[in-house]
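S.K.: Structure file model29.pdb (PDB, C-alpha atoms) right here:
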```pdb
ATOM      1  CA  MET E   1      74.077  64.026 110.134
ATOM      2  CA  PHE E   2      75.712  61.025 108.480
ATOM      3  CA  GLU E   3      76.249  62.951 105.236
ATOM      4  CA  LEU E   4      77.904  65.841 107.049
ATOM      5  CA  THR E   5      80.317  63.411 108.700
ATOM      6  CA  ARG E   6      81.222  61.932 105.315
ATOM      7  CA  ILE E   7      81.850  65.379 103.851
ATOM      8  CA  VAL E   8      84.077  66.347 106.785
ATOM      9  CA  ASP E   9      85.984  63.060 106.416
ATOM     10  CA  LEU E  10      86.748  63.868 102.775
ATOM     11  CA  TYR E  11      88.710  66.920 103.860
ATOM     12  CA  ALA E  12      90.507  65.298 106.775
ATOM     13  CA  ARG E  13      94.099  64.380 105.914
ATOM     14  CA  SER E  14      94.959  62.522 109.100
ATOM     15  CA  ASP E  15      93.919  59.127 107.737
ATOM     16  CA  ALA E  16      95.590  59.291 104.326
ATOM     17  CA  PRO E  17      99.252  59.831 103.475
ATOM     18  CA  TYR E  18     100.396  62.270 100.844
ATOM     19  CA  GLU E  19     101.305  60.420  97.668
ATOM     20  CA  THR E  20     104.575  61.136  95.867
ATOM     21  CA  PRO E  21     102.994  62.745  92.762
ATOM     22  CA  GLU E  22     100.934  65.034  94.971
ATOM     23  CA  LEU E  23     104.015  66.065  96.941
ATOM     24  CA  LEU E  24     105.966  66.763  93.744
ATOM     25  CA  ALA E  25     103.072  68.737  92.265
ATOM     26  CA  ARG E  26     102.781  70.837  95.420
ATOM     27  CA  ALA E  27     106.504  71.584  95.227
ATOM     28  CA  PHE E  28     107.158  72.249  91.559
ATOM     29  CA  ILE E  29     103.977  73.465  89.816
ATOM     30  CA  PRO E  30     103.824  76.805  91.696
ATOM     31  CA  VAL E  31     107.523  77.380  91.007
ATOM     32  CA  PHE E  32     107.156  76.692  87.270
ATOM     33  CA  VAL E  33     104.135  79.016  87.089
ATOM     34  CA  ALA E  34     106.022  81.700  89.008
ATOM     35  CA  LEU E  35     109.080  81.420  86.756
ATOM     36  CA  ALA E  36     106.884  81.721  83.652
ATOM     37  CA  VAL E  37     105.127  84.810  85.057
ATOM     38  CA  PHE E  38     108.476  86.294  86.081
ATOM     39  CA  TYR E  39     109.993  85.684  82.626
ATOM     40  CA  VAL E  40     107.028  87.284  80.870
ATOM     41  CA  GLY E  41     107.215  90.197  83.314
ATOM     42  CA  MET E  42     110.914  90.653  82.565
ATOM     43  CA  LYS E  43     110.218  90.724  78.833
ATOM     44  CA  LEU E  44     107.438  93.258  79.359
ATOM     45  CA  GLN E  45     109.708  95.367  81.566
ATOM     46  CA  TYR E  46     112.301  95.604  78.811
ATOM     47  CA  LYS E  47     109.561  96.667  76.390
ATOM     48  CA  GLY E  48     108.603  99.574  78.640
ATOM     49  CA  SER E  49     106.044  98.179  81.077
ATOM     50  CA  PRO E  50     106.371  98.902  84.799
ATOM     51  CA  ALA E  51     108.911  96.814  86.691
ATOM     52  CA  TRP E  52     106.411  95.645  89.319
ATOM     53  CA  ILE E  53     104.659  93.357  86.830
ATOM     54  CA  LYS E  54     107.427  90.751  87.066
ATOM     55  CA  TRP E  55     106.943  90.563  90.822
ATOM     56  CA  LEU E  56     103.406  89.218  90.377
ATOM     57  CA  ALA E  57     105.283  85.920  90.248
ATOM     58  CA  VAL E  58     105.500  86.086  94.029
ATOM     59  CA  LEU E  59     101.794  85.178  94.266
ATOM     60  CA  PRO E  60     102.188  81.595  92.949
ATOM     61  CA  LEU E  61     105.171  81.170  95.271
ATOM     62  CA  ILE E  62     103.088  82.254  98.251
ATOM     63  CA  VAL E  63     100.423  79.754  97.213
ATOM     64  CA  GLY E  64     103.152  77.105  96.863
ATOM     65  CA  ILE E  65     104.473  77.832 100.336
ATOM     66  CA  LEU E  66     100.971  77.647 101.791
ATOM     67  CA  LEU E  67     100.387  74.326 100.021
ATOM     68  CA  GLY E  68     103.740  73.020 101.250
ATOM     69  CA  ILE E  69     103.225  73.833 104.915
ATOM     70  CA  ASP E  70     100.689  71.048 105.519
ATOM     71  CA  PRO E  71     102.807  68.111 104.258
ATOM     72  CA  PHE E  72     105.879  69.586 105.959
ATOM     73  CA  ASN E  73     104.060  69.812 109.279
ATOM     74  CA  SER E  74     102.534  66.361 108.810
ATOM     75  CA  TYR E  75     105.930  64.755 108.455
ATOM     76  CA  PHE E  76     108.173  66.818 110.709
ATOM     77  CA  ILE E  77     105.778  67.855 113.491
ATOM     78  CA  ASP E  78     103.434  64.852 113.799
ATOM     79  CA  PRO E  79     105.364  61.786 115.033
ATOM     80  CA  LEU E  80     102.380  59.475 114.476
ATOM     81  CA  TYR E  81     102.167  60.415 110.778
ATOM     82  CA  ARG E  82     105.931  59.943 110.412
ATOM     83  CA  ASP E  83     105.873  56.533 112.091
ATOM     84  CA  VAL E  84     102.879  55.218 110.146
ATOM     85  CA  TYR E  85     103.567  56.743 106.700
ATOM     86  CA  GLY E  86     107.301  57.496 107.011
ATOM     87  CA  GLY E  87     108.825  55.674 104.081
ATOM     88  CA  GLY E  88     112.454  56.657 104.678
ATOM     89  CA  ASN E  89     114.636  59.485 103.467
ATOM     90  CA  ARG E  90     113.018  59.779 100.052
ATOM     91  CA  ARG E  91     109.599  60.470 101.549
ATOM     92  CA  MET E  92     111.184  62.926 103.977
ATOM     93  CA  ILE E  93     112.721  64.861 101.083
ATOM     94  CA  PHE E  94     109.410  64.944  99.197
ATOM     95  CA  HIS E  95     107.561  66.236 102.266
ATOM     96  CA  ALA E  96     110.165  68.959 102.808
ATOM     97  CA  ALA E  97     110.319  69.911  99.122
ATOM     98  CA  GLY E  98     106.840  71.403  99.168
ATOM     99  CA  LEU E  99     108.060  74.129 101.478
ATOM    100  CA  ILE E 100     111.712  74.428 100.473
ATOM    101  CA  VAL E 101     111.402  74.493  96.655
ATOM    102  CA  PRO E 102     109.168  77.625  96.531
ATOM    103  CA  VAL E 103     111.570  79.423  98.880
ATOM    104  CA  ILE E 104     114.500  78.474  96.630
ATOM    105  CA  GLY E 105     112.443  79.610  93.623
ATOM    106  CA  ALA E 106     111.896  83.013  95.219
ATOM    107  CA  ALA E 107     115.610  83.363  95.941
ATOM    108  CA  GLY E 108     116.399  82.312  92.379
ATOM    109  CA  MET E 109     114.039  84.916  90.931
ATOM    110  CA  ALA E 110     115.537  87.641  93.129
ATOM    111  CA  PHE E 111     119.041  86.654  91.987
ATOM    112  CA  TRP E 112     117.905  86.483  88.351
ATOM    113  CA  SER E 113     116.429  89.988  88.578
ATOM    114  CA  TRP E 114     119.537  91.353  90.236
ATOM    115  CA  TRP E 115     121.816  89.726  87.661
ATOM    116  CA  LEU E 116     119.882  90.959  84.644
ATOM    117  CA  ASN E 117     119.567  94.477  86.026
ATOM    118  CA  ARG E 118     123.296  94.448  86.679
ATOM    119  CA  GLN E 119     124.142  93.255  83.195
ATOM    120  CA  LYS E 120     121.591  95.507  81.439
ATOM    121  CA  PHE E 121     120.604  92.978  78.806
ATOM    122  CA  GLU E 122     118.680  94.521  75.924
ATOM    123  CA  ASP E 123     116.968  91.324  74.762
ATOM    124  CA  LEU E 124     116.095  88.142  76.624
TER     125      LEU E 124
END
```
Once you've parsed the file, please lay out its structure as structure tokens.
M.R.:
Amino acid sequence: MFELTRIVDLYARSDAPYETPELLARAFIPVFVALAVFYVGMKLQYKGSPAWIKWLAVLPLIVGILLGIDPFNSYFIDPLYRDVYGGGNRRMIFHAAGLIVPVIGAAGMAFWSWWLNRQKFEDL
């Protein structure tokens, strides 16, 4: 029974704050992966592949949003976490970035697609 308790404690986040590199990784890595997939999909679209391939980039953004919900909720919903591990405005921005940056990335990709389809670029 003791081992099971230790394993469960490894996955519990209530006793450990999110570190800054972890918060930044949760915010930006899915967006960079999604932009790379979107760019490759755009290049393939202009070479004759179906247009839906570029929208596979939405999957890393969904993963990024799901990863960003937990730190966002920890900071903005749980007052105990905020009081104990608060750290000021910088920490608040990092906790919010995990949820906001993937949403901005999705809006940026939609705008990018609209702009390029409007301009009808032949080569990227």
S.K.: List the spatial neighbours of region 22-29 of chain E as a count of residues only - criterion: any atom at most 7 Å away, only C-alpha atoms, same-chain residues fewer than 6 positions off excluded.
M.R.: 10
S.K.: Could you tell me how far CA of Leu59 (chain E) sits from CA of Ser74 (chain E), in Å to one decimal place?
M.R.: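 Computed distance, CA of Ser74 (chain E) to CA of Leu59 (chain E), equals 23.8 Å.
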S.K.: Under the rule that all atoms listed in the file are counted, which of E:Val58, E:Val40, E:Ala96, E:Ile53 is the nearest residue to Ile77 (chain E)?
M.R.: E:Ala96
S.K.: Work out how far apart CA of Arg82 (chain E) and CA of Pro21 (chain E) are and give it in Å to one decimal.
M.R.: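 Those two atoms sit 18.1 Å apart.
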S.K.: When you draw a straight line from CA of Gly105 (chain E) to CA of Glu19 (chain E), how long is it in Å?
M.R.: 22.6 Å
S.K.: Applying the PyMOL selection byres ((chain E and resi 60) around 8) to the file I just gave you, which residues come out? Please list them as an MDAnalysis selection string.
M.R.: chainID E and resid 30:31 33:34 57:59 61:64
S.K.: Might you pull out every residue within 10 Å of Ser113 (chain E), with all atoms listed in the file counted and same-chain residues fewer than 2 positions away left off, and present them as a VMD selection string?
M.R.: chain E and resid 38 to 39 42 54 to 55 107 to 111 115 to 119
S.K.: Could you dump the residues just selected with C-alpha atoms as a PDB file, keeping the file's coordinate frame?
M.R.:
```pdb
ATOM      1  CA  PHE E  38     108.476  86.294  86.081  1.00  0.00           C
ATOM      2  CA  TYR E  39     109.993  85.684  82.626  1.00  0.00           C
ATOM      3  CA  MET E  42     110.914  90.653  82.565  1.00  0.00           C
ATOM      4  CA  LYS E  54     107.427  90.751  87.066  1.00  0.00           C
ATOM      5  CA  TRP E  55     106.943  90.563  90.822  1.00  0.00           C
ATOM      6  CA  ALA E 107     115.610  83.363  95.941  1.00  0.00           C
ATOM      7  CA  GLY E 108     116.399  82.312  92.379  1.00  0.00           C
ATOM      8  CA  MET E 109     114.039  84.916  90.931  1.00  0.00           C
ATOM      9  CA  ALA E 110     115.537  87.641  93.129  1.00  0.00           C
ATOM     10  CA  PHE E 111     119.041  86.654  91.987  1.00  0.00           C
ATOM     11  CA  TRP E 115     121.816  89.726  87.661  1.00  0.00           C
ATOM     12  CA  LEU E 116     119.882  90.959  84.644  1.00  0.00           C
ATOM     13  CA  ASN E 117     119.567  94.477  86.026  1.00  0.00           C
ATOM     14  CA  ARG E 118     123.296  94.448  86.679  1.00  0.00           C
ATOM     15  CA  GLN E 119     124.142  93.255  83.195  1.00  0.00           C
TER      16      GLN E 119
END
```
S.K.: Once you add 5 Å to each side, what are the centre and edge lengths of the axis-aligned box holding all listed atoms of region 46-58 of chain E? One decimal in Å, as JSON, if you can.
M.R.:
```
{"center_x": 107.9, "center_y": 92.7, "center_z": 85.2, "size_x": 18.9, "size_y": 23.7, "size_z": 27.6}
```
S.K.: Step by step, work through what the PyMOL selection byres ((chain E and resi 75) around 10) selects in the shown file, and finish by giving those residues as a list in words.
M.R.: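 Matching residues under the PyMOL selection byres ((chain E and resi 75) around 10) are Pro17, Tyr18, Asp70, Pro71, Phe72, Asn73, Ser74, Phe76, Ile77, Asp78, Pro79, Leu80, Tyr81, Arg82, Asp83, Tyr85, Gly86, Arg91, Met92, Phe94, His95 and Ala96 of chain E.
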S.K.: I'd like to know which of E:Thr20, E:Pro50, E:Leu35, E:Gly87 is closest to Trp112 (chain E), using all atoms listed in the file.
M.R.: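 Distance minimum relative to Trp112 (chain E) lands on E:Leu35.
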S.K.: Smallest atom-to-atom distance to Leu66 (chain E): which of E:Ile100, E:Trp114, E:Val84, E:Val37, using only C-alpha atoms?
M.R.: E:Ile100
